[in-house]
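Undergrad: File upload.pdb follows (PDB, C-alpha atoms and all ligand atoms):
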```
ATOM      1  CA  MET A  13     -42.671  48.907  12.360
ATOM      2  CA  LYS A  14     -40.191  46.460  13.797
ATOM      3  CA  ILE A  15     -37.388  46.158  11.240
ATOM      4  CA  ALA A  16     -34.666  43.479  11.253
ATOM      5  CA  VAL A  17     -31.551  44.238   9.211
ATOM      6  CA  PHE A  18     -29.242  41.345   8.365
ATOM      7  CA  ASN A  19     -25.730  42.432   7.383
ATOM      8  CA  GLY A  20     -23.904  39.654   5.542
ATOM      9  CA  SER A  21     -20.520  41.363   5.455
ATOM     10  CA  PRO A  22     -17.744  39.907   7.605
ATOM     11  CA  LYS A  23     -16.338  43.448   7.778
ATOM     12  CA  LEU A  24     -17.832  46.653   9.136
ATOM     13  CA  GLN A  25     -17.059  48.864   6.155
ATOM     14  CA  ASN A  26     -19.003  49.608   2.961
ATOM     15  CA  THR A  27     -22.111  47.523   3.630
ATOM     16  CA  ALA A  28     -22.129  48.664   7.244
ATOM     17  CA  ALA A  29     -22.217  52.288   6.027
ATOM     18  CA  LEU A  30     -25.372  51.502   4.033
ATOM     19  CA  VAL A  31     -26.843  49.746   7.071
ATOM     20  CA  ASP A  32     -26.029  52.668   9.377
ATOM     21  CA  ALA A  33     -27.666  55.132   6.963
ATOM     22  CA  PHE A  34     -30.717  52.896   6.721
ATOM     23  CA  CYS A  35     -30.976  52.713  10.522
ATOM     24  CA  GLU A  36     -30.672  56.483  10.874
ATOM     25  CA  GLY A  37     -33.495  57.093   8.414
ATOM     26  CA  ALA A  38     -35.728  54.359   9.778
ATOM     27  CA  LYS A  39     -35.301  55.518  13.377
ATOM     28  CA  GLU A  40     -36.032  59.095  12.313
ATOM     29  CA  ALA A  41     -39.289  57.824  10.842
ATOM     30  CA  GLY A  42     -40.131  56.223  14.199
ATOM     31  CA  HIS A  43     -39.357  52.605  13.411
ATOM     32  CA  GLU A  44     -37.626  50.137  15.730
ATOM     33  CA  VAL A  45     -34.534  48.756  13.998
ATOM     34  CA  ASP A  46     -32.234  45.917  15.037
ATOM     35  CA  VAL A  47     -29.098  44.957  13.117
ATOM     36  CA  TYR A  48     -27.804  41.384  13.025
ATOM     37  CA  HIS A  49     -24.218  40.972  11.852
ATOM     38  CA  VAL A  50     -24.648  37.575  10.243
ATOM     39  CA  GLY A  51     -21.360  38.034   8.366
ATOM     40  CA  LYS A  52     -19.600  37.855  11.698
ATOM     41  CA  MET A  53     -21.665  34.957  13.038
ATOM     42  CA  LYS A  54     -21.033  31.243  12.784
ATOM     43  CA  ILE A  55     -23.982  29.880  10.815
ATOM     44  CA  ALA A  56     -23.391  26.650   8.932
ATOM     45  CA  GLY A  57     -25.161  25.632   5.740
ATOM     46  CA  CYS A  58     -28.444  23.703   5.872
ATOM     47  CA  LEU A  59     -27.926  19.923   6.038
ATOM     48  CA  GLY A  60     -31.261  19.178   4.380
ATOM     49  CA  CYS A  61     -31.824  16.493   7.016
ATOM     50  CA  GLU A  62     -35.476  17.523   7.601
ATOM     51  CA  TYR A  63     -35.075  17.126  11.382
ATOM     52  CA  CYS A  64     -36.834  20.513  11.749
ATOM     53  CA  HIS A  65     -39.888  19.288   9.836
ATOM     54  CA  THR A  66     -40.012  15.837  11.437
ATOM     55  CA  GLN A  67     -38.903  15.409  15.070
ATOM     56  CA  GLY A  68     -37.629  18.963  15.605
ATOM     57  CA  ASN A  69     -40.900  20.884  15.716
ATOM     58  CA  GLY A  70     -39.329  23.774  13.792
ATOM     59  CA  ASN A  71     -35.983  23.625  15.603
ATOM     60  CA  CYS A  72     -32.765  23.024  13.671
ATOM     61  CA  VAL A  73     -30.602  20.050  14.563
ATOM     62  CA  GLN A  74     -27.503  22.251  14.224
ATOM     63  CA  LYS A  75     -26.822  24.432  17.247
ATOM     64  CA  ASP A  76     -25.047  27.612  16.200
ATOM     65  CA  ASP A  77     -25.621  31.351  15.824
ATOM     66  CA  LEU A  78     -28.836  30.791  13.840
ATOM     67  CA  GLU A  79     -30.526  30.921  17.222
ATOM     68  CA  LYS A  80     -29.483  34.589  17.525
ATOM     69  CA  ILE A  81     -31.395  35.614  14.403
ATOM     70  CA  LEU A  82     -34.444  33.331  14.284
ATOM     71  CA  PRO A  83     -36.459  35.433  16.751
ATOM     72  CA  ALA A  84     -35.943  38.426  14.448
ATOM     73  CA  TYR A  85     -37.170  36.455  11.425
ATOM     74  CA  LYS A  86     -40.240  35.499  13.416
ATOM     75  CA  GLU A  87     -41.069  38.932  14.836
ATOM     76  CA  ALA A  88     -40.012  41.530  12.254
ATOM     77  CA  ASP A  89     -42.584  43.468  10.219
ATOM     78  CA  MET A  90     -39.860  44.203   7.677
ATOM     79  CA  VAL A  91     -36.648  42.374   6.800
ATOM     80  CA  VAL A  92     -33.648  44.049   5.173
ATOM     81  CA  PHE A  93     -30.829  42.063   3.606
ATOM     82  CA  ALA A  94     -27.548  43.946   3.271
ATOM     83  CA  SER A  95     -24.505  42.331   1.738
ATOM     84  CA  PRO A  96     -21.388  42.918  -0.269
ATOM     85  CA  ILE A  97     -21.288  41.138  -3.590
ATOM     86  CA  TYR A  98     -18.931  38.183  -3.468
ATOM     87  CA  TYR A  99     -18.581  36.572  -6.897
ATOM     88  CA  PHE A 100     -21.866  37.961  -8.224
ATOM     89  CA  THR A 101     -24.025  37.009  -5.253
ATOM     90  CA  MET A 102     -24.424  37.697  -1.554
ATOM     91  CA  THR A 103     -21.844  36.368   0.894
ATOM     92  CA  ALA A 104     -21.825  32.714   1.904
ATOM     93  CA  GLN A 105     -22.616  33.827   5.454
ATOM     94  CA  MET A 106     -25.782  35.572   4.246
ATOM     95  CA  GLU A 107     -26.762  32.641   2.045
ATOM     96  CA  ALA A 108     -26.446  30.275   5.003
ATOM     97  CA  ALA A 109     -28.527  32.583   7.195
ATOM     98  CA  ILE A 110     -31.275  32.758   4.554
ATOM     99  CA  GLN A 111     -31.308  29.044   3.770
ATOM    100  CA  ARG A 112     -31.333  27.918   7.398
ATOM    101  CA  VAL A 113     -34.629  29.780   7.917
ATOM    102  CA  TYR A 114     -36.025  26.679   6.183
ATOM    103  CA  CYS A 115     -36.607  25.302   9.699
ATOM    104  CA  ILE A 116     -39.351  27.861  10.423
ATOM    105  CA  GLY A 117     -40.625  28.090   6.864
ATOM    106  CA  LYS A 118     -40.807  31.825   6.168
ATOM    107  CA  PRO A 119     -40.373  35.056   8.108
ATOM    108  CA  ALA A 120     -43.676  34.850   9.965
ATOM    109  CA  LYS A 121     -44.933  38.439  10.172
ATOM    110  CA  ALA A 122     -42.901  40.402   7.639
ATOM    111  CA  THR A 123     -44.825  42.137   4.881
ATOM    112  CA  LYS A 124     -42.012  44.290   3.480
ATOM    113  CA  ALA A 125     -38.407  43.694   2.500
ATOM    114  CA  ALA A 126     -35.469  45.611   1.101
ATOM    115  CA  LEU A 127     -32.048  44.787  -0.301
ATOM    116  CA  LEU A 128     -28.846  46.809   0.147
ATOM    117  CA  LEU A 129     -25.842  45.715  -1.910
ATOM    118  CA  SER A 130     -22.267  46.947  -2.027
ATOM    119  CA  SER A 131     -19.696  45.997  -4.660
ATOM    120  CA  GLY A 132     -16.458  47.011  -6.256
ATOM    121  CA  SER A 133     -17.801  47.134  -9.827
ATOM    122  CA  PRO A 134     -21.084  48.168 -11.433
ATOM    123  CA  GLY A 135     -23.418  45.708 -13.142
ATOM    124  CA  VAL A 136     -22.785  42.750 -10.843
ATOM    125  CA  TYR A 137     -26.146  42.540  -9.096
ATOM    126  CA  ASP A 138     -28.395  40.390 -11.313
ATOM    127  CA  SER A 139     -28.006  37.133  -9.363
ATOM    128  CA  ALA A 140     -28.435  38.691  -5.921
ATOM    129  CA  ILE A 141     -31.477  40.683  -7.051
ATOM    130  CA  ALA A 142     -33.078  37.656  -8.740
ATOM    131  CA  GLN A 143     -32.547  35.602  -5.599
ATOM    132  CA  PHE A 144     -33.982  38.342  -3.369
ATOM    133  CA  LYS A 145     -37.048  38.784  -5.577
ATOM    134  CA  GLY A 146     -37.618  35.039  -5.859
ATOM    135  CA  TYR A 147     -37.236  34.484  -2.136
ATOM    136  CA  MET A 148     -39.609  37.356  -1.329
ATOM    137  CA  ALA A 149     -42.218  36.155  -3.843
ATOM    138  CA  TYR A 150     -42.006  32.679  -2.322
ATOM    139  CA  SER A 151     -42.381  34.171   1.167
ATOM    140  CA  GLY A 152     -45.261  36.466   0.197
ATOM    141  CA  ILE A 153     -43.267  39.550   1.201
ATOM    142  CA  GLU A 154     -43.340  42.734  -0.870
ATOM    143  CA  PRO A 155     -39.920  44.013  -1.973
ATOM    144  CA  VAL A 156     -40.121  47.775  -1.390
ATOM    145  CA  GLY A 157     -36.587  48.827  -2.248
ATOM    146  CA  ILE A 158     -33.290  47.759  -3.740
ATOM    147  CA  ILE A 159     -30.275  50.046  -3.410
ATOM    148  CA  THR A 160     -26.806  49.288  -4.755
ATOM    149  CA  ALA A 161     -23.478  51.047  -4.253
ATOM    150  CA  ASN A 162     -20.389  50.288  -6.301
ATOM    151  CA  GLY A 163     -16.861  51.653  -6.308
ATOM    152  CA  ASP A 164     -16.767  55.311  -5.326
ATOM    153  CA  GLU A 165     -20.481  55.326  -4.530
ATOM    154  CA  ASN A 166     -19.653  53.331  -1.410
ATOM    155  CA  LYS A 167     -19.710  55.606   1.622
ATOM    156  CA  SER A 168     -20.477  58.622  -0.612
ATOM    157  CA  GLU A 169     -22.770  61.165   1.025
ATOM    158  CA  GLU A 170     -25.044  61.036  -2.023
ATOM    159  CA  LYS A 171     -25.567  57.271  -1.708
ATOM    160  CA  LEU A 172     -25.950  57.353   2.057
ATOM    161  CA  ASN A 173     -28.550  60.114   1.711
ATOM    162  CA  GLU A 174     -30.412  57.973  -0.839
ATOM    163  CA  VAL A 175     -30.505  55.118   1.678
ATOM    164  CA  ARG A 176     -31.512  57.461   4.552
ATOM    165  CA  ASP A 177     -34.318  58.980   2.455
ATOM    166  CA  PHE A 178     -35.561  55.552   1.434
ATOM    167  CA  ALA A 179     -35.666  54.440   5.096
ATOM    168  CA  LYS A 180     -37.404  57.658   6.132
ATOM    169  CA  SER A 181     -40.104  57.030   3.525
ATOM    170  CA  LEU A 182     -41.099  53.675   5.006
TER     171      LEU A 182
HETATM  172  C1  LIG B 201     -14.261  37.283  -1.854
HETATM  173  C2  LIG B 201     -14.681  38.571  -2.515
HETATM  174  C3  LIG B 201     -15.383  38.504  -3.703
HETATM  175  C4  LIG B 201     -15.794  39.682  -4.325
HETATM  176  N1  LIG B 201     -16.484  39.586  -5.495
HETATM  177  C5  LIG B 201     -16.883  40.718  -6.126
HETATM  178  C6  LIG B 201     -17.598  40.647  -7.364
HETATM  179  O1  LIG B 201     -17.895  39.569  -7.874
HETATM  180  N2  LIG B 201     -17.956  41.813  -7.964
HETATM  181  C7  LIG B 201     -17.636  43.036  -7.423
HETATM  182  O2  LIG B 201     -17.971  44.057  -8.009
HETATM  183  N3  LIG B 201     -16.999  43.141  -6.220
HETATM  184  C8  LIG B 201     -16.598  42.002  -5.571
HETATM  185  N4  LIG B 201     -15.931  42.100  -4.369
HETATM  186  C9  LIG B 201     -15.727  43.434  -3.743
HETATM  187  C10 LIG B 201     -16.750  43.755  -2.657
HETATM  188  O3  LIG B 201     -18.082  43.487  -3.080
HETATM  189  C11 LIG B 201     -16.683  45.244  -2.263
HETATM  190  O4  LIG B 201     -15.352  45.561  -1.867
HETATM  191  C12 LIG B 201     -17.654  45.614  -1.176
HETATM  192  O5  LIG B 201     -17.771  47.028  -1.143
HETATM  193  C13 LIG B 201     -17.201  45.106   0.184
HETATM  194  O6  LIG B 201     -18.155  45.484   1.158
HETATM  195  P1  LIG B 201     -17.779  45.455   2.751
HETATM  196  O7  LIG B 201     -16.801  46.583   2.984
HETATM  197  O8  LIG B 201     -19.070  45.663   3.444
HETATM  198  O9  LIG B 201     -17.191  44.122   3.022
HETATM  199  C14 LIG B 201     -15.505  40.942  -3.733
HETATM  200  C15 LIG B 201     -14.784  40.996  -2.516
HETATM  201  C16 LIG B 201     -14.375  39.821  -1.920
HETATM  202  C17 LIG B 201     -13.613  39.891  -0.613
END
```
For the file at hand, write its structure as structure tokens.

TA:
Amino acid sequence: MKIAVFNGSPKLQNTAALVDAFCEGAKEAGHEVDVYHVGKMKIAGCLGCEYCHTQGNGNCVQKDDLEKILPAYKEADMVVFASPIYYFTMTAQMEAAIQRVYCIGKPAKATKAALLLSSGSPGVYDSAIAQFKGYMAYSGIEPVGIITANGDENKSEEKLNEVRDFAKSL
């Protein structure tokens, strides 16, 4: 499978550790994995101007780093969203990346999706998980895994092994 992992963290710390473990497991299982650091990219929010659905032929009127990730949304067999929790949801950078995909409609080929979340506290995931599930249902993509890490679980060998094993099982 061709797997695209979108990391919404602006830092390369706790979420990146989950992403690295996922990549290790997925590669071990023979999958092709590409990571896109959307948290470090410049992707503005959707303007809702409908240029993409009128004159734009699927292209966004805003020219920014969205262009770096759209090919992955179009070609991936599986999409993975990884993000720290910022105020009970994914980062603004990740939200912008997700919402700007409006220009192409839905990830074209993906049939599977997973969510990796990192946070300081436990019990802060409801909004992010509801959004992920809703977005995947809308896109006709099966959510196959949700893994969260809070506090000391972040970067713990136990949690990273859980992520590796999940990726290996794909
Ligand atoms: C702006 C901001 C908002 C945050 N909001 C929450 C929150 O609502 N709940 C929580 O448990 N942790 C919150 N955190 C902590 C991060 O989710 C946590 O430190 C996470 O492990 C960071 O991942 P990273 O190292 O990949 O950036 C917040 C951190 C920042 C910087």

Undergrad: For ligand LIG 201 (chain B), list the contacting residues at 9 Å or closer, counting all atoms listed in the file, as a PDB file with C-alpha atoms, in the coordinates of the input.

TA:
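What follows is the written file pocket-v7.pdb:
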```
ATOM      1  CA  ASN A  19     -25.730  42.432   7.383  1.00  0.00           C
ATOM      2  CA  GLY A  20     -23.904  39.654   5.542  1.00  0.00           C
ATOM      3  CA  SER A  21     -20.520  41.363   5.455  1.00  0.00           C
ATOM      4  CA  PRO A  22     -17.744  39.907   7.605  1.00  0.00           C
ATOM      5  CA  LYS A  23     -16.338  43.448   7.778  1.00  0.00           C
ATOM      6  CA  LEU A  24     -17.832  46.653   9.136  1.00  0.00           C
ATOM      7  CA  GLN A  25     -17.059  48.864   6.155  1.00  0.00           C
ATOM      8  CA  ASN A  26     -19.003  49.608   2.961  1.00  0.00           C
ATOM      9  CA  THR A  27     -22.111  47.523   3.630  1.00  0.00           C
ATOM     10  CA  ALA A  28     -22.129  48.664   7.244  1.00  0.00           C
ATOM     11  CA  ALA A  29     -22.217  52.288   6.027  1.00  0.00           C
ATOM     12  CA  LEU A  30     -25.372  51.502   4.033  1.00  0.00           C
ATOM     13  CA  ALA A  94     -27.548  43.946   3.271  1.00  0.00           C
ATOM     14  CA  SER A  95     -24.505  42.331   1.738  1.00  0.00           C
ATOM     15  CA  PRO A  96     -21.388  42.918  -0.269  1.00  0.00           C
ATOM     16  CA  ILE A  97     -21.288  41.138  -3.590  1.00  0.00           C
ATOM     17  CA  TYR A  98     -18.931  38.183  -3.468  1.00  0.00           C
ATOM     18  CA  TYR A  99     -18.581  36.572  -6.897  1.00  0.00           C
ATOM     19  CA  PHE A 100     -21.866  37.961  -8.224  1.00  0.00           C
ATOM     20  CA  THR A 101     -24.025  37.009  -5.253  1.00  0.00           C
ATOM     21  CA  MET A 102     -24.424  37.697  -1.554  1.00  0.00           C
ATOM     22  CA  THR A 103     -21.844  36.368   0.894  1.00  0.00           C
ATOM     23  CA  LEU A 129     -25.842  45.715  -1.910  1.00  0.00           C
ATOM     24  CA  SER A 130     -22.267  46.947  -2.027  1.00  0.00           C
ATOM     25  CA  SER A 131     -19.696  45.997  -4.660  1.00  0.00           C
ATOM     26  CA  GLY A 132     -16.458  47.011  -6.256  1.00  0.00           C
ATOM     27  CA  SER A 133     -17.801  47.134  -9.827  1.00  0.00           C
ATOM     28  CA  PRO A 134     -21.084  48.168 -11.433  1.00  0.00           C
ATOM     29  CA  GLY A 135     -23.418  45.708 -13.142  1.00  0.00           C
ATOM     30  CA  VAL A 136     -22.785  42.750 -10.843  1.00  0.00           C
ATOM     31  CA  TYR A 137     -26.146  42.540  -9.096  1.00  0.00           C
ATOM     32  CA  ALA A 161     -23.478  51.047  -4.253  1.00  0.00           C
ATOM     33  CA  ASN A 162     -20.389  50.288  -6.301  1.00  0.00           C
ATOM     34  CA  GLY A 163     -16.861  51.653  -6.308  1.00  0.00           C
ATOM     35  CA  ASN A 166     -19.653  53.331  -1.410  1.00  0.00           C
TER      36      ASN A 166
END
```

Undergrad: Check the smallest atom-to-atom distance from each of A:Met13, A:Ala109, A:Leu78, A:Val91 to His43 of chain A using only C-alpha atoms, then report the winner.

TA: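 For His43 of chain A, the nearest of the given residues is A:Met13.
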
Undergrad: Which is closer to Val92 of chain A than all the others in A:Lys118, A:Lys124, A:Lys180, A:Lys54, using all atoms listed in the file?

TA: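 Nearest candidate to Val92 of chain A out of A:Lys118, A:Lys124, A:Lys180, A:Lys54: A:Lys124.
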
Undergrad: Rank nothing, just name the residue among A:Ala125, A:Cys115, A:Ala120, A:Ile158 nearest to Asp138 of chain A, using all atoms listed in the file.

TA: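 Closest to Asp138 of chain A, using all atoms listed in the file: A:Ile158.
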
Undergrad: Would you mind telling me which residue in A:Ile116, A:Ala126, A:Cys35, A:Cys58 lies nearest to Pro83 of chain A when using all atoms listed in the file?

TA: A:Ile116

Undergrad: Given the point (-37.1, 22.5, 11.9) in the file's coordinates, find the residues that have an atom at most 12 Å from it, counting all atoms listed in the file, and give them as a VMD selection string.

TA: chain A and resid 58 to 75 78 to 79 82 111 to 118

Undergrad: Neighbourhood query: residues within 8 Å of (-38.4, 38.3, 13.8), file coordinates, counting all atoms listed in the file; return as a PyMOL selection string.

TA: chain A and resi 16+81-89+119-122

Undergrad: Which is closer to Lys167 of chain A than all the others in A:Gly146, A:Ala41, A:Val31, A:Leu182, using all atoms listed in the file?

TA: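 Closest to Lys167 of chain A of all the choices is A:Val31.
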
Undergrad: What residues come out when you apply the PyMOL selection byres (((chain A and resi 46) around 9) and not hetatm) to this file, written as a PDB file with C-alpha atoms, in the frame of the given file?

TA:
```
ATOM      1  CA  LYS A  14     -40.191  46.460  13.797  1.00  0.00           C
ATOM      2  CA  ILE A  15     -37.388  46.158  11.240  1.00  0.00           C
ATOM      3  CA  ALA A  16     -34.666  43.479  11.253  1.00  0.00           C
ATOM      4  CA  VAL A  17     -31.551  44.238   9.211  1.00  0.00           C
ATOM      5  CA  PHE A  18     -29.242  41.345   8.365  1.00  0.00           C
ATOM      6  CA  CYS A  35     -30.976  52.713  10.522  1.00  0.00           C
ATOM      7  CA  GLU A  44     -37.626  50.137  15.730  1.00  0.00           C
ATOM      8  CA  VAL A  45     -34.534  48.756  13.998  1.00  0.00           C
ATOM      9  CA  VAL A  47     -29.098  44.957  13.117  1.00  0.00           C
ATOM     10  CA  TYR A  48     -27.804  41.384  13.025  1.00  0.00           C
ATOM     11  CA  ALA A  84     -35.943  38.426  14.448  1.00  0.00           C
TER      12      ALA A  84
END
```

Undergrad: Go ahead and compute the interatomic distance for atom CA of Gln105 of chain A and atom CA of Lys80 of chain A, in Å to one decimal.

TA: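 Between these atoms lies a distance of 13.9 Å.
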
Undergrad: Would you please work out which residue, of A:Ser168, A:Asp177, A:Lys39, A:Phe93, is nearest to Lys145 of chain A when using only C-alpha atoms?

TA: A:Phe93

Undergrad: With 6 Å added on each side, what axis-aligned box encloses every listed atom of segment 71-88 of chain A? Give the centre and edge lengths in Å to one decimal, as AutoDock Vina command-line options.

TA:
```
--center_x -33.1 --center_y 30.8 --center_z 14.5 --size_x 28.0 --size_y 33.5 --size_z 18.1
```

Undergrad: Take the PyMOL selection byres (((chain A and resi 176) around 8) and not hetatm), apply it to the structure above, and return the hits as a ChimeraX atom specification.

TA: /A:33-38,172-175,177-180

Undergrad: What does the structure give for the distance between atom CA of Gly152 of chain A and atom CA of Asp32 of chain A, in Å to one decimal?

TA: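 Distance reported for this atom pair: 26.8 Å.
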
Undergrad: Just give me the gap between atom CA of Gly157 of chain A and atom CA of Ala56 of chain A in Å, one decimal is fine.

TA: 28.1 Å

Undergrad: Would you mind completing segment 62-90 of chain A so that it carries N, CA and C atoms, and writing it out as a compact mmCIF listing (two decimals), keeping the file's coordinate frame?

TA:
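Saved result, out-v6.txt, follows:
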```
# COMPACT_ATOMS: atom_id res chain seq x y z
N GLU A 62 -34.03 17.49 7.31
CA GLU A 62 -35.48 17.52 7.60
C GLU A 62 -35.82 17.25 9.06
N TYR A 63 -34.79 17.29 9.94
CA TYR A 63 -35.08 17.13 11.38
C TYR A 63 -36.12 18.17 11.82
N CYS A 64 -35.94 19.41 11.33
CA CYS A 64 -36.83 20.51 11.75
C CYS A 64 -38.29 20.23 11.40
N HIS A 65 -38.51 19.53 10.29
CA HIS A 65 -39.89 19.29 9.84
C HIS A 65 -40.40 17.91 10.25
N THR A 66 -39.57 17.16 10.98
CA THR A 66 -40.01 15.84 11.44
C THR A 66 -40.04 15.82 12.97
N GLN A 67 -38.91 15.44 13.60
CA GLN A 67 -38.90 15.41 15.07
C GLN A 67 -38.71 16.79 15.71
N GLY A 68 -38.13 17.74 14.98
CA GLY A 68 -37.63 18.96 15.60
C GLY A 68 -38.65 20.03 15.94
N ASN A 69 -39.86 19.89 15.44
CA ASN A 69 -40.90 20.88 15.72
C ASN A 69 -40.41 22.30 15.38
N GLY A 70 -39.78 22.45 14.23
CA GLY A 70 -39.33 23.77 13.79
C GLY A 70 -37.96 24.17 14.30
N ASN A 71 -37.33 23.33 15.12
CA ASN A 71 -35.98 23.62 15.60
C ASN A 71 -34.95 22.91 14.73
N CYS A 72 -33.83 23.60 14.50
CA CYS A 72 -32.76 23.02 13.67
C CYS A 72 -31.91 22.08 14.51
N VAL A 73 -31.45 21.02 13.87
CA VAL A 73 -30.60 20.05 14.56
C VAL A 73 -29.22 20.64 14.85
N GLN A 74 -28.81 21.63 14.03
CA GLN A 74 -27.50 22.25 14.22
C GLN A 74 -27.63 23.39 15.24
N LYS A 75 -26.78 23.39 16.23
CA LYS A 75 -26.82 24.43 17.25
C LYS A 75 -25.69 25.42 16.98
N ASP A 76 -26.05 26.58 16.45
CA ASP A 76 -25.05 27.61 16.20
C ASP A 76 -25.72 28.98 16.28
N ASP A 77 -25.11 29.99 15.66
CA ASP A 77 -25.62 31.35 15.82
C ASP A 77 -26.97 31.60 15.14
N LEU A 78 -27.50 30.61 14.42
CA LEU A 78 -28.84 30.79 13.84
C LEU A 78 -29.83 31.19 14.94
N GLU A 79 -29.60 30.64 16.11
CA GLU A 79 -30.53 30.92 17.22
C GLU A 79 -30.59 32.41 17.56
N LYS A 80 -29.51 33.15 17.23
CA LYS A 80 -29.48 34.59 17.52
C LYS A 80 -30.36 35.39 16.57
N ILE A 81 -30.63 34.82 15.38
CA ILE A 81 -31.40 35.61 14.40
C ILE A 81 -32.81 35.09 14.16
N LEU A 82 -33.10 33.87 14.55
CA LEU A 82 -34.44 33.33 14.28
C LEU A 82 -35.56 34.15 14.92
N PRO A 83 -35.38 34.62 16.17
CA PRO A 83 -36.46 35.43 16.75
C PRO A 83 -36.78 36.66 15.89
N ALA A 84 -35.72 37.25 15.30
CA ALA A 84 -35.94 38.43 14.45
C ALA A 84 -36.74 38.05 13.20
N TYR A 85 -36.42 36.92 12.60
CA TYR A 85 -37.17 36.46 11.42
C TYR A 85 -38.63 36.22 11.78
N LYS A 86 -38.87 35.80 13.02
CA LYS A 86 -40.24 35.50 13.42
C LYS A 86 -41.03 36.76 13.74
N GLU A 87 -40.34 37.78 14.28
CA GLU A 87 -41.07 38.93 14.84
C GLU A 87 -41.06 40.18 13.97
N ALA A 88 -40.15 40.27 13.00
CA ALA A 88 -40.01 41.53 12.25
C ALA A 88 -41.19 41.78 11.32
N ASP A 89 -41.58 43.06 11.21
CA ASP A 89 -42.58 43.47 10.22
C ASP A 89 -41.93 43.71 8.87
N MET A 90 -40.62 43.99 8.92
CA MET A 90 -39.86 44.20 7.68
C MET A 90 -38.48 43.58 7.84
```
